[in-house]
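**Q** The structure follows.
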Amino acid sequence: MTNRFARRVADLKASEIREILKLTQNPEVISFAGGLPAPETFPVAAVADAAARVLASHGAVALQYATTEGHRPLREWLARFMTQRRGAWVSPDEILITNGSQQGLDLVGKALLDEGDAVLCESPTYVGALNALQVFQPRFVPVPTDDDGMLPEGLDRLLGETERAKMVYAIPDFQNPSGRCWSRERRERVVAVAARHGVPVVEDAPYSELRFAGEPLPSLKSFDQRGTVIHLGTFSKILSPGLRLAWIVAPGWFAKPLNILKSSADLHTSTFTQMVAAEHLAGADLDTHLARIRELYRQRRDVMVQALEREMPAEVRFTRPEGGLFLWVELPARLDARELLPCALARNVAFVPGGSFWARGGGDHTLRLNYSNMPPERIEEGVRRLGEVVREALANADSPGAASARAARRVAAAAARSGRAVPPV
Ligand SMILES: Cc1ncc(COP(=O)(O)O)c(C=O)c1O
């Protein structure tokens with residue numbers, strides 16, 4: 001029966017993170033793998049009250065079908081949010097509510113990509129976006145990037161020479177996985193370059209409000225004068241991911257096809273959930289709520305950074321993010337994080353090998369650590385165990401004969417990735 005599948009199915013890969021997350025269901029495991037927010041930040045009681053109020057006063061409406069674009073009061077709240085917190089003057093009519101930003105990525109891919117079209121992206125980038133867009137069989141083209149974000153000159157050159165460039169995909173705030181945050185200047189220049197080439201920028205912004213150090217920066221959307229930026233926002237990291245509530249700010253040219261695609265996919269996002277969120281947000285003190293999340297994550301980042309400084313060999317480098325959920329680790333190049341993972345899991349610690357986040361391969365010696373979901377004492381213990389794993393791996397890698405064995409393994413892995421037969425070694 002396998003030959004009955006569409007061609008696009010052949011290229012699908014199970015998400016490595018989802019596979020690792022299955023293993024981390026075990027409560028013994030100290031997981032730095034997923035991008036899970038801290039559950040103690042979820043406003044459970046307030047959402048319960050909001051749900052009761054919605055059912056009592058508008059129960060039948062909440063349980064009925066509704067319009068595709070989403071619940072008007074929620075879109076009005078979001079238009080104010082975009083103006084006040086993301087510096088972008090947006091009208092409620094430009095906003096479409098989606099089932100998480102993950103659906104936003106799918107809809108954007110459906111709307112913009114034919115097979116073989118080019119997606120220009122950061123490298124590394126969010127593996128969930130690579131997976132969502134891969135369904136449309138594009139080519140991923142990495143844009144040269146440094147700690148301040150994409151290089152406008154590099155983007156300009158690539159947009160000039162890449163055939164069928166259909167979108168630039170960017171995560172300017174506390175990027176998943178690297179934690180990197182773009183400078184103001186880069187934001188402005190990247191939007192200007194993309195606008196000049198007439199190529200839309202998909203700005204994926206789940207972490208913008210999670211800044212716990214440094215100055216807040218305006219969104220790419222705030223620099224958009226020509227309808228270049230398609231902005232994706234989500235409640236997953238500021239309220240709760242289980243609600244599956246997110247939004248797309250769509251420029252005029254994009255709004256109608258997007259609405260039709262959303263309607264074809266699922267008619268609309270849950271009426272009930274949208275109404276509960278709108279009811280909750282209308283009375284919520286968002287400033288206090290966000291301040292609490294930021295403080296918690298700042299503390300956990302500090303604990304993880306201090307533990308890494310204490311436990312890791314000097315050759316290991318890591319970032320000190322000013323926000324978001326992730327810390328990015330570079331091991332010495334002779335180590336492969338995928339090979340370390342089974343040893344870490346044997347000690348009940350999980351992380352995500354960085355190689356998953358590269359569209360075109362690479363980054364084998366990198367890994368992503370999440371610090372938002374574990375309490376401080378488990379972060380300390382997990383990093384201690386990871387330190388042991390890394391020191392053991394280094395001792396093995398530096399033993400006689402290890403270099404040639406490693407080279408052989410890399411050839412076999414590269415061959416396996418490219419689908420070729422493994423050459424004899
Ligand atoms: C960069 C990025 N985009 C999109 C998503 C998906 O978010 P949502 O929960 O809104 O589907 C995530 C989730 O972690 C993410 O990190």
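Residue names in the structure tokens use chain letters A, B, ... in the order shown, residue numbers from 1 in each chain, and ligand numbers from 1 in the order shown.
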Once you count only C-alpha atoms and all ligand atoms, what closest atom pair and distance in Å to one decimal does each residue of chain A within 9 Å of ligand 1 have, with rows by chain and rising residue number, as a Markdown table?
**A**
```
| residue | atom | partner | partner_atom_place_in_ligand_line | distance |
| --- | --- | --- | --- | --- |
| A:Gly34 | CA | ligand 1 | 14 (O) | 8.2 |
| A:Gly35 | CA | ligand 1 | 14 (O) | 5.5 |
| A:Leu36 | CA | ligand 1 | 14 (O) | 7.7 |
| A:Thr98 | CA | ligand 1 | 10 (O) | 8.5 |
| A:Asn99 | CA | ligand 1 | 11 (O) | 6.8 |
| A:Gly100 | CA | ligand 1 | 10 (O) | 3.4 |
| A:Ser101 | CA | ligand 1 | 10 (O) | 3.7 |
| A:Gln102 | CA | ligand 1 | 11 (O) | 3.8 |
| A:Gln103 | CA | ligand 1 | 11 (O) | 6.5 |
| A:Gly104 | CA | ligand 1 | 11 (O) | 7.8 |
| A:Leu105 | CA | ligand 1 | 4 (C) | 7.5 |
| A:Thr125 | CA | ligand 1 | 1 (C) | 7.9 |
| A:Tyr126 | CA | ligand 1 | 1 (C) | 5.3 |
| A:Val127 | CA | ligand 1 | 1 (C) | 8.3 |
| A:Gly128 | CA | ligand 1 | 5 (C) | 6.8 |
| A:Ala129 | CA | ligand 1 | 3 (N) | 6.7 |
| A:Ala170 | CA | ligand 1 | 1 (C) | 8.5 |
| A:Ile171 | CA | ligand 1 | 1 (C) | 6.1 |
| A:Phe174 | CA | ligand 1 | 1 (C) | 8.9 |
| A:Gln175 | CA | ligand 1 | 1 (C) | 6.5 |
| A:Asn176 | CA | ligand 1 | 16 (O) | 5.2 |
| A:Pro177 | CA | ligand 1 | 16 (O) | 7.6 |
| A:Asp204 | CA | ligand 1 | 3 (N) | 5.6 |
| A:Ala205 | CA | ligand 1 | 1 (C) | 6.6 |
| A:Pro206 | CA | ligand 1 | 2 (C) | 5.9 |
| A:Tyr207 | CA | ligand 1 | 16 (O) | 7.8 |
| A:Leu232 | CA | ligand 1 | 4 (C) | 8.1 |
| A:Gly233 | CA | ligand 1 | 10 (O) | 7.2 |
| A:Thr234 | CA | ligand 1 | 10 (O) | 4.6 |
| A:Phe235 | CA | ligand 1 | 10 (O) | 6.5 |
| A:Ser236 | CA | ligand 1 | 9 (O) | 4.8 |
| A:Lys237 | CA | ligand 1 | 9 (O) | 7.5 |
| A:Ser240 | CA | ligand 1 | 9 (O) | 8.5 |
| A:Pro241 | CA | ligand 1 | 9 (O) | 5.2 |
| A:Gly242 | CA | ligand 1 | 9 (O) | 7.9 |
| A:Leu243 | CA | ligand 1 | 9 (O) | 8.7 |
| A:Arg244 | CA | ligand 1 | 9 (O) | 6.2 |
| A:Leu245 | CA | ligand 1 | 10 (O) | 6.5 |
| A:Ala246 | CA | ligand 1 | 10 (O) | 5.5 |
| A:Trp247 | CA | ligand 1 | 10 (O) | 8.4 |
| A:Leu325 | CA | ligand 1 | 16 (O) | 8.9 |
```
**Q** When DSSP is applied to the backbone of this structure, which of region 41-220 of chain A are assigned helix (DSSP H, G or I)? Write them out as a compact mmCIF listing (two decimals) with N, CA, C and O atoms, in the first residue's frame.
**A**
```
# COMPACT_ATOMS: atom_id res chain seq x y z
N THR A 41 2.98 29.02 35.51
CA THR A 41 2.60 30.35 35.01
C THR A 41 1.21 30.35 34.36
O THR A 41 0.71 31.41 33.97
N VAL A 44 -4.70 29.12 35.65
CA VAL A 44 -5.74 28.08 35.62
C VAL A 44 -7.06 28.58 36.22
O VAL A 44 -8.13 28.47 35.59
N ALA A 45 -6.99 29.16 37.41
CA ALA A 45 -8.24 29.57 38.07
C ALA A 45 -8.93 30.69 37.29
O ALA A 45 -10.16 30.67 37.11
N ALA A 46 -8.15 31.64 36.80
CA ALA A 46 -8.75 32.76 36.06
C ALA A 46 -9.40 32.27 34.76
O ALA A 46 -10.46 32.76 34.37
N VAL A 47 -8.77 31.29 34.10
CA VAL A 47 -9.36 30.75 32.86
C VAL A 47 -10.63 29.97 33.19
O VAL A 47 -11.63 30.04 32.46
N ALA A 48 -10.63 29.26 34.31
CA ALA A 48 -11.83 28.53 34.73
C ALA A 48 -12.98 29.52 34.96
O ALA A 48 -14.12 29.30 34.50
N ASP A 49 -12.69 30.64 35.63
CA ASP A 49 -13.73 31.66 35.87
C ASP A 49 -14.23 32.24 34.54
O ASP A 49 -15.43 32.42 34.35
N ALA A 50 -13.28 32.54 33.65
CA ALA A 50 -13.66 33.12 32.35
C ALA A 50 -14.55 32.14 31.58
O ALA A 50 -15.55 32.53 30.98
N ALA A 51 -14.17 30.85 31.61
CA ALA A 51 -14.97 29.84 30.89
C ALA A 51 -16.38 29.77 31.46
O ALA A 51 -17.37 29.71 30.71
N ALA A 52 -16.50 29.85 32.78
CA ALA A 52 -17.83 29.78 33.41
C ALA A 52 -18.66 31.01 32.99
O ALA A 52 -19.84 30.89 32.67
N ARG A 53 -18.01 32.17 32.95
CA ARG A 53 -18.75 33.39 32.58
C ARG A 53 -19.20 33.31 31.12
O ARG A 53 -20.33 33.66 30.79
N VAL A 54 -18.32 32.82 30.24
CA VAL A 54 -18.68 32.71 28.82
C VAL A 54 -19.88 31.78 28.66
O VAL A 54 -20.85 32.10 27.96
N LEU A 55 -19.84 30.64 29.33
CA LEU A 55 -20.93 29.67 29.19
C LEU A 55 -22.23 30.23 29.77
O LEU A 55 -23.31 30.02 29.21
N ALA A 56 -22.11 30.95 30.89
CA ALA A 56 -23.32 31.48 31.53
C ALA A 56 -23.96 32.57 30.67
O ALA A 56 -25.17 32.62 30.51
N SER A 57 -23.12 33.45 30.09
CA SER A 57 -23.76 34.57 29.39
C SER A 57 -23.89 34.39 27.88
O SER A 57 -24.76 35.00 27.27
N HIS A 58 -22.98 33.61 27.24
CA HIS A 58 -23.09 33.46 25.77
C HIS A 58 -22.88 32.00 25.40
O HIS A 58 -22.21 31.70 24.40
N GLY A 59 -23.39 31.08 26.20
CA GLY A 59 -23.10 29.65 26.01
C GLY A 59 -23.39 29.14 24.62
O GLY A 59 -22.56 28.47 24.00
N ALA A 60 -24.56 29.48 24.09
CA ALA A 60 -24.94 28.94 22.78
C ALA A 60 -24.03 29.48 21.68
O ALA A 60 -23.64 28.75 20.77
N VAL A 61 -23.66 30.76 21.78
CA VAL A 61 -22.75 31.34 20.77
C VAL A 61 -21.39 30.65 20.85
O VAL A 61 -20.78 30.30 19.84
N ALA A 62 -20.93 30.43 22.07
CA ALA A 62 -19.60 29.84 22.26
C ALA A 62 -19.53 28.41 21.73
O ALA A 62 -18.45 27.93 21.37
N ARG A 72 -14.32 38.59 17.12
CA ARG A 72 -13.99 40.02 16.96
C ARG A 72 -13.34 40.65 18.22
O ARG A 72 -12.29 41.29 18.10
N PRO A 73 -13.91 40.45 19.42
CA PRO A 73 -13.26 41.07 20.58
C PRO A 73 -11.81 40.61 20.79
O PRO A 73 -10.96 41.40 21.22
N LEU A 74 -11.51 39.37 20.44
CA LEU A 74 -10.12 38.89 20.58
C LEU A 74 -9.23 39.60 19.55
O LEU A 74 -8.10 40.01 19.85
N ARG A 75 -9.74 39.76 18.33
CA ARG A 75 -8.95 40.44 17.29
C ARG A 75 -8.77 41.91 17.64
O ARG A 75 -7.73 42.51 17.36
N GLU A 76 -9.78 42.51 18.29
CA GLU A 76 -9.62 43.91 18.71
C GLU A 76 -8.55 44.02 19.81
O GLU A 76 -7.71 44.92 19.80
N TRP A 77 -8.58 43.07 20.74
CA TRP A 77 -7.58 43.05 21.80
C TRP A 77 -6.19 42.89 21.18
O TRP A 77 -5.22 43.57 21.56
N LEU A 78 -6.08 42.02 20.18
CA LEU A 78 -4.77 41.76 19.55
C LEU A 78 -4.27 42.97 18.76
O LEU A 78 -3.06 43.23 18.71
N ALA A 79 -5.20 43.70 18.14
CA ALA A 79 -4.77 44.90 17.39
C ALA A 79 -4.13 45.89 18.37
O ALA A 79 -3.07 46.47 18.07
N ARG A 80 -4.72 46.04 19.55
CA ARG A 80 -4.12 46.95 20.56
C ARG A 80 -2.78 46.40 21.04
O ARG A 80 -1.81 47.13 21.20
N PHE A 81 -2.74 45.09 21.25
CA PHE A 81 -1.51 44.43 21.70
C PHE A 81 -0.38 44.66 20.68
O PHE A 81 0.76 45.00 21.04
N MET A 82 -0.69 44.48 19.40
CA MET A 82 0.33 44.67 18.35
C MET A 82 0.85 46.11 18.35
O MET A 82 2.04 46.35 18.15
N THR A 83 -0.06 47.07 18.58
CA THR A 83 0.35 48.48 18.58
C THR A 83 1.18 48.79 19.81
O THR A 83 2.27 49.36 19.71
N GLN A 84 0.68 48.38 20.97
CA GLN A 84 1.33 48.79 22.22
C GLN A 84 2.62 48.02 22.48
O GLN A 84 3.58 48.56 22.99
N ARG A 85 2.64 46.73 22.15
CA ARG A 85 3.79 45.91 22.56
C ARG A 85 4.73 45.57 21.42
O ARG A 85 5.87 45.21 21.65
N ARG A 86 4.24 45.62 20.17
CA ARG A 86 5.12 45.23 19.07
C ARG A 86 5.33 46.37 18.08
O ARG A 86 5.87 46.16 16.99
N PRO A 92 -7.99 45.38 13.50
CA PRO A 92 -8.51 44.02 13.75
C PRO A 92 -8.81 43.28 12.45
O PRO A 92 -8.73 42.05 12.39
N ASP A 93 -9.14 44.03 11.37
CA ASP A 93 -9.47 43.38 10.09
C ASP A 93 -8.26 42.68 9.46
O ASP A 93 -8.42 41.83 8.59
N GLU A 94 -7.07 43.05 9.88
CA GLU A 94 -5.86 42.42 9.30
C GLU A 94 -5.48 41.13 10.04
O GLU A 94 -4.51 40.48 9.70
N GLY A 100 -2.74 27.84 16.86
CA GLY A 100 -1.30 27.87 17.08
C GLY A 100 -0.59 28.49 15.88
O GLY A 100 -1.14 28.52 14.76
N SER A 101 0.63 28.97 16.11
CA SER A 101 1.42 29.49 14.99
C SER A 101 1.84 28.36 14.07
O SER A 101 2.20 28.59 12.92
N GLN A 102 1.81 27.14 14.59
CA GLN A 102 2.16 26.01 13.75
C GLN A 102 1.19 25.94 12.56
O GLN A 102 1.59 25.67 11.44
N GLN A 103 -0.09 26.20 12.82
CA GLN A 103 -1.04 26.25 11.70
C GLN A 103 -0.74 27.46 10.81
O GLN A 103 -0.87 27.38 9.59
N GLY A 104 -0.32 28.57 11.43
CA GLY A 104 0.04 29.74 10.63
C GLY A 104 1.13 29.38 9.62
O GLY A 104 1.06 29.76 8.45
N LEU A 105 2.13 28.63 10.07
CA LEU A 105 3.23 28.24 9.16
C LEU A 105 2.71 27.38 8.03
O LEU A 105 3.09 27.54 6.87
N ASP A 106 1.82 26.46 8.36
CA ASP A 106 1.24 25.59 7.33
C ASP A 106 0.47 26.42 6.30
O ASP A 106 0.64 26.23 5.09
N LEU A 107 -0.35 27.35 6.78
CA LEU A 107 -1.18 28.15 5.87
C LEU A 107 -0.30 29.05 4.99
O LEU A 107 -0.56 29.21 3.80
N VAL A 108 0.73 29.62 5.59
CA VAL A 108 1.63 30.48 4.83
C VAL A 108 2.33 29.66 3.74
O VAL A 108 2.45 30.08 2.58
N GLY A 109 2.78 28.46 4.11
CA GLY A 109 3.42 27.58 3.12
C GLY A 109 2.45 27.23 2.00
O GLY A 109 2.80 27.32 0.81
N LYS A 110 1.22 26.88 2.36
CA LYS A 110 0.21 26.53 1.35
C LYS A 110 -0.04 27.69 0.39
O LYS A 110 -0.22 27.49 -0.80
N ALA A 111 -0.07 28.89 0.96
CA ALA A 111 -0.40 30.06 0.15
C ALA A 111 0.75 30.46 -0.77
O ALA A 111 0.51 30.95 -1.87
N LEU A 112 2.00 30.26 -0.33
CA LEU A 112 3.12 30.87 -1.07
C LEU A 112 3.99 29.89 -1.85
O LEU A 112 4.70 30.31 -2.76
N VAL A 127 12.88 23.94 13.84
CA VAL A 127 12.69 22.69 13.11
C VAL A 127 11.21 22.47 12.78
O VAL A 127 10.88 21.88 11.74
N GLY A 128 10.31 22.99 13.60
CA GLY A 128 8.87 22.85 13.33
C GLY A 128 8.47 23.62 12.06
O GLY A 128 7.55 23.21 11.35
N ALA A 129 9.17 24.72 11.78
CA ALA A 129 8.90 25.46 10.54
C ALA A 129 9.45 24.68 9.35
O ALA A 129 8.80 24.58 8.30
N LEU A 130 10.65 24.11 9.53
CA LEU A 130 11.21 23.30 8.43
C LEU A 130 10.25 22.16 8.11
O LEU A 130 9.97 21.89 6.94
N ASN A 131 9.72 21.51 9.14
CA ASN A 131 8.82 20.38 8.92
C ASN A 131 7.51 20.84 8.27
O ASN A 131 7.00 20.18 7.36
N ALA A 132 6.96 21.96 8.76
CA ALA A 132 5.67 22.44 8.22
C ALA A 132 5.83 22.82 6.75
O ALA A 132 4.97 22.52 5.92
N LEU A 133 6.94 23.48 6.42
CA LEU A 133 7.12 23.98 5.05
C LEU A 133 7.60 22.88 4.10
O LEU A 133 7.32 22.91 2.91
N GLN A 134 8.30 21.90 4.66
CA GLN A 134 8.82 20.79 3.86
C GLN A 134 7.71 20.08 3.08
O GLN A 134 7.92 19.58 1.98
N PRO A 152 21.92 41.97 6.02
CA PRO A 152 21.14 42.53 4.92
C PRO A 152 21.85 42.39 3.57
O PRO A 152 21.21 42.10 2.56
N GLU A 153 23.19 42.57 3.56
CA GLU A 153 23.92 42.45 2.29
C GLU A 153 23.82 41.03 1.75
O GLU A 153 23.65 40.81 0.54
N GLY A 154 23.94 40.04 2.66
CA GLY A 154 23.86 38.63 2.24
C GLY A 154 22.47 38.32 1.71
O GLY A 154 22.32 37.63 0.69
N LEU A 155 21.46 38.84 2.38
CA LEU A 155 20.08 38.60 1.94
C LEU A 155 19.86 39.24 0.57
O LEU A 155 19.27 38.63 -0.34
N ASP A 156 20.38 40.45 0.42
CA ASP A 156 20.22 41.17 -0.84
C ASP A 156 20.83 40.36 -2.00
O ASP A 156 20.20 40.15 -3.04
N ARG A 157 22.05 39.87 -1.76
CA ARG A 157 22.73 39.09 -2.81
C ARG A 157 21.93 37.84 -3.14
O ARG A 157 21.66 37.55 -4.30
N LEU A 158 21.49 37.11 -2.09
CA LEU A 158 20.77 35.86 -2.33
C LEU A 158 19.42 36.10 -3.02
O LEU A 158 19.03 35.34 -3.91
N LEU A 159 18.74 37.18 -2.62
CA LEU A 159 17.45 37.45 -3.26
C LEU A 159 17.66 37.81 -4.73
O LEU A 159 16.81 37.53 -5.58
N GLY A 160 18.83 38.42 -5.02
CA GLY A 160 19.14 38.76 -6.41
C GLY A 160 19.45 37.54 -7.25
O GLY A 160 19.10 37.48 -8.43
N GLU A 161 20.10 36.54 -6.66
CA GLU A 161 20.58 35.42 -7.48
C GLU A 161 19.75 34.14 -7.33
O GLU A 161 19.97 33.19 -8.09
N ARG A 184 18.09 46.32 16.27
CA ARG A 184 17.08 47.18 15.65
C ARG A 184 17.45 47.49 14.21
O ARG A 184 16.61 47.44 13.32
N GLU A 185 18.73 47.78 14.00
CA GLU A 185 19.18 48.17 12.66
C GLU A 185 18.95 47.04 11.65
O GLU A 185 18.48 47.25 10.54
N ARG A 186 19.27 45.79 12.07
CA ARG A 186 19.07 44.65 11.17
C ARG A 186 17.59 44.48 10.80
O ARG A 186 17.24 44.17 9.67
N ARG A 187 16.73 44.66 11.82
CA ARG A 187 15.29 44.50 11.57
C ARG A 187 14.85 45.43 10.45
O ARG A 187 14.20 45.02 9.48
N GLU A 188 15.24 46.69 10.61
CA GLU A 188 14.82 47.70 9.65
C GLU A 188 15.39 47.40 8.26
O GLU A 188 14.67 47.44 7.26
N ARG A 189 16.67 47.05 8.21
CA ARG A 189 17.32 46.86 6.90
C ARG A 189 16.85 45.59 6.20
O ARG A 189 16.70 45.57 4.99
N VAL A 190 16.61 44.52 6.98
CA VAL A 190 16.15 43.27 6.35
C VAL A 190 14.77 43.47 5.71
O VAL A 190 14.51 43.04 4.58
N VAL A 191 13.89 44.19 6.42
CA VAL A 191 12.56 44.45 5.85
C VAL A 191 12.70 45.29 4.57
O VAL A 191 12.06 45.02 3.55
N ALA A 192 13.60 46.29 4.62
CA ALA A 192 13.78 47.16 3.44
C ALA A 192 14.31 46.35 2.25
O ALA A 192 13.84 46.51 1.12
N VAL A 193 15.27 45.45 2.50
CA VAL A 193 15.85 44.65 1.41
C VAL A 193 14.76 43.74 0.81
O VAL A 193 14.59 43.67 -0.42
N ALA A 194 14.01 43.06 1.66
CA ALA A 194 12.97 42.14 1.17
C ALA A 194 11.91 42.92 0.39
O ALA A 194 11.45 42.48 -0.67
N ALA A 195 11.56 44.11 0.90
CA ALA A 195 10.54 44.93 0.21
C ALA A 195 11.04 45.32 -1.17
O ALA A 195 10.30 45.27 -2.16
N ARG A 196 12.33 45.68 -1.27
CA ARG A 196 12.89 46.07 -2.57
C ARG A 196 12.81 44.93 -3.57
O ARG A 196 12.56 45.13 -4.75
N HIS A 197 12.99 43.69 -3.08
CA HIS A 197 12.93 42.53 -3.99
C HIS A 197 11.50 42.02 -4.15
O HIS A 197 11.26 41.06 -4.89
N LEU A 220 9.59 43.27 13.28
CA LEU A 220 9.83 43.56 11.86
C LEU A 220 8.60 44.24 11.27
O LEU A 220 8.70 45.14 10.44
```
**Q** Give the answer as one residue: which of A:Gly323, A:Gly198, A:Pro142, A:Gly87 has the shortest atom-to-atom distance to Leu217 (chain A), using only C-alpha atoms?
**A**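 Checking each candidate against Leu217 (chain A), we get A:Gly87 as the closest.
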**Q** So which residues of region 346-405 of chain A fall under strand (DSSP E or B) by DSSP, listed as a list in words?
**A**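 DSSP on the backbone gives strand (DSSP E or B) at Val349, Ala350, Val352, Pro353, Thr366, Leu367, Arg368, Leu369 and Asn370 of chain A.
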**Q** Would you write out those residues with N, CA and C atoms, as a PDB file, in the first residue's frame?
**A**
```pdb
ATOM      1  N   VAL A 349      18.648  12.318  31.343  1.00  0.00           N
ATOM      2  CA  VAL A 349      18.656  13.737  30.956  1.00  0.00           C
ATOM      3  C   VAL A 349      18.418  13.803  29.455  1.00  0.00           C
ATOM      4  N   ALA A 350      17.583  14.771  29.025  1.00  0.00           N
ATOM      5  CA  ALA A 350      17.301  14.894  27.589  1.00  0.00           C
ATOM      6  C   ALA A 350      17.606  16.302  27.093  1.00  0.00           C
ATOM      7  N   VAL A 352      18.013  18.471  22.877  1.00  0.00           N
ATOM      8  CA  VAL A 352      17.818  18.257  21.445  1.00  0.00           C
ATOM      9  C   VAL A 352      19.142  18.508  20.717  1.00  0.00           C
ATOM     10  N   PRO A 353      19.642  17.518  19.972  1.00  0.00           N
ATOM     11  CA  PRO A 353      20.859  17.743  19.184  1.00  0.00           C
ATOM     12  C   PRO A 353      20.619  18.859  18.170  1.00  0.00           C
ATOM     13  N   THR A 366      26.433  20.881  17.958  1.00  0.00           N
ATOM     14  CA  THR A 366      25.666  21.844  18.757  1.00  0.00           C
ATOM     15  C   THR A 366      24.480  21.159  19.427  1.00  0.00           C
ATOM     16  N   LEU A 367      23.932  21.793  20.458  1.00  0.00           N
ATOM     17  CA  LEU A 367      22.715  21.274  21.069  1.00  0.00           C
ATOM     18  C   LEU A 367      21.910  22.406  21.692  1.00  0.00           C
ATOM     19  N   ARG A 368      20.598  22.153  21.813  1.00  0.00           N
ATOM     20  CA  ARG A 368      19.697  23.155  22.392  1.00  0.00           C
ATOM     21  C   ARG A 368      19.245  22.702  23.769  1.00  0.00           C
ATOM     22  N   LEU A 369      19.321  23.630  24.727  1.00  0.00           N
ATOM     23  CA  LEU A 369      18.838  23.340  26.081  1.00  0.00           C
ATOM     24  C   LEU A 369      17.691  24.285  26.428  1.00  0.00           C
ATOM     25  N   ASN A 370      16.605  23.730  26.923  1.00  0.00           N
ATOM     26  CA  ASN A 370      15.473  24.527  27.395  1.00  0.00           C
ATOM     27  C   ASN A 370      15.570  24.691  28.904  1.00  0.00           C
TER      28      ASN A 370
END
```
**Q** Please identify all polymer residues within 10 Å of Ala38 (chain A), counting only C-alpha atoms, omitting same-chain residues fewer than 4 positions from it, and present them as a list in words.
**A**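 Answer for this query is Phe42, Lys237, Ser240, Ile293, Leu296, Tyr297, Leu325, Tyr371, Ser372, Asn373, Met374 and Pro375 of chain A.
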**Q** Give me the residues within 7 Å of Val29 (chain A) as a ChimeraX atom specification, counting only C-alpha atoms and dropping any in the same chain fewer than 3 places off.
**A** /A:24,26,348-349
**Q** For the selection just defined, write its residues with N, CA and C atoms to a file, as a JSON list (two decimals), in the first residue's frame.
**A**
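What landed in selection-v5.json:
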```json
[["chain", "number", "residue", "atom", "x", "y", "z"],
["A", 24, "THR", "N", 10.64, 11.70, 27.21],
["A", 24, "THR", "CA", 10.70, 12.54, 28.41],
["A", 24, "THR", "C", 9.38, 12.55, 29.19],
["A", 26, "ASN", "N", 8.51, 10.23, 30.90],
["A", 26, "ASN", "CA", 8.91, 9.59, 32.15],
["A", 26, "ASN", "C", 9.32, 10.68, 33.16],
["A", 348, "ASN", "N", 19.10, 9.68, 32.32],
["A", 348, "ASN", "CA", 17.81, 10.38, 32.52],
["A", 348, "ASN", "C", 17.91, 11.89, 32.35],
["A", 349, "VAL", "N", 18.65, 12.32, 31.34],
["A", 349, "VAL", "CA", 18.66, 13.74, 30.96],
["A", 349, "VAL", "C", 18.42, 13.80, 29.46]]
```
**Q** Please report the interatomic distance between CA of Leu261 (chain A) and CA of Ala66 (chain A) in Å with one decimal.
**A**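 Those two atoms sit 15.8 Å apart.
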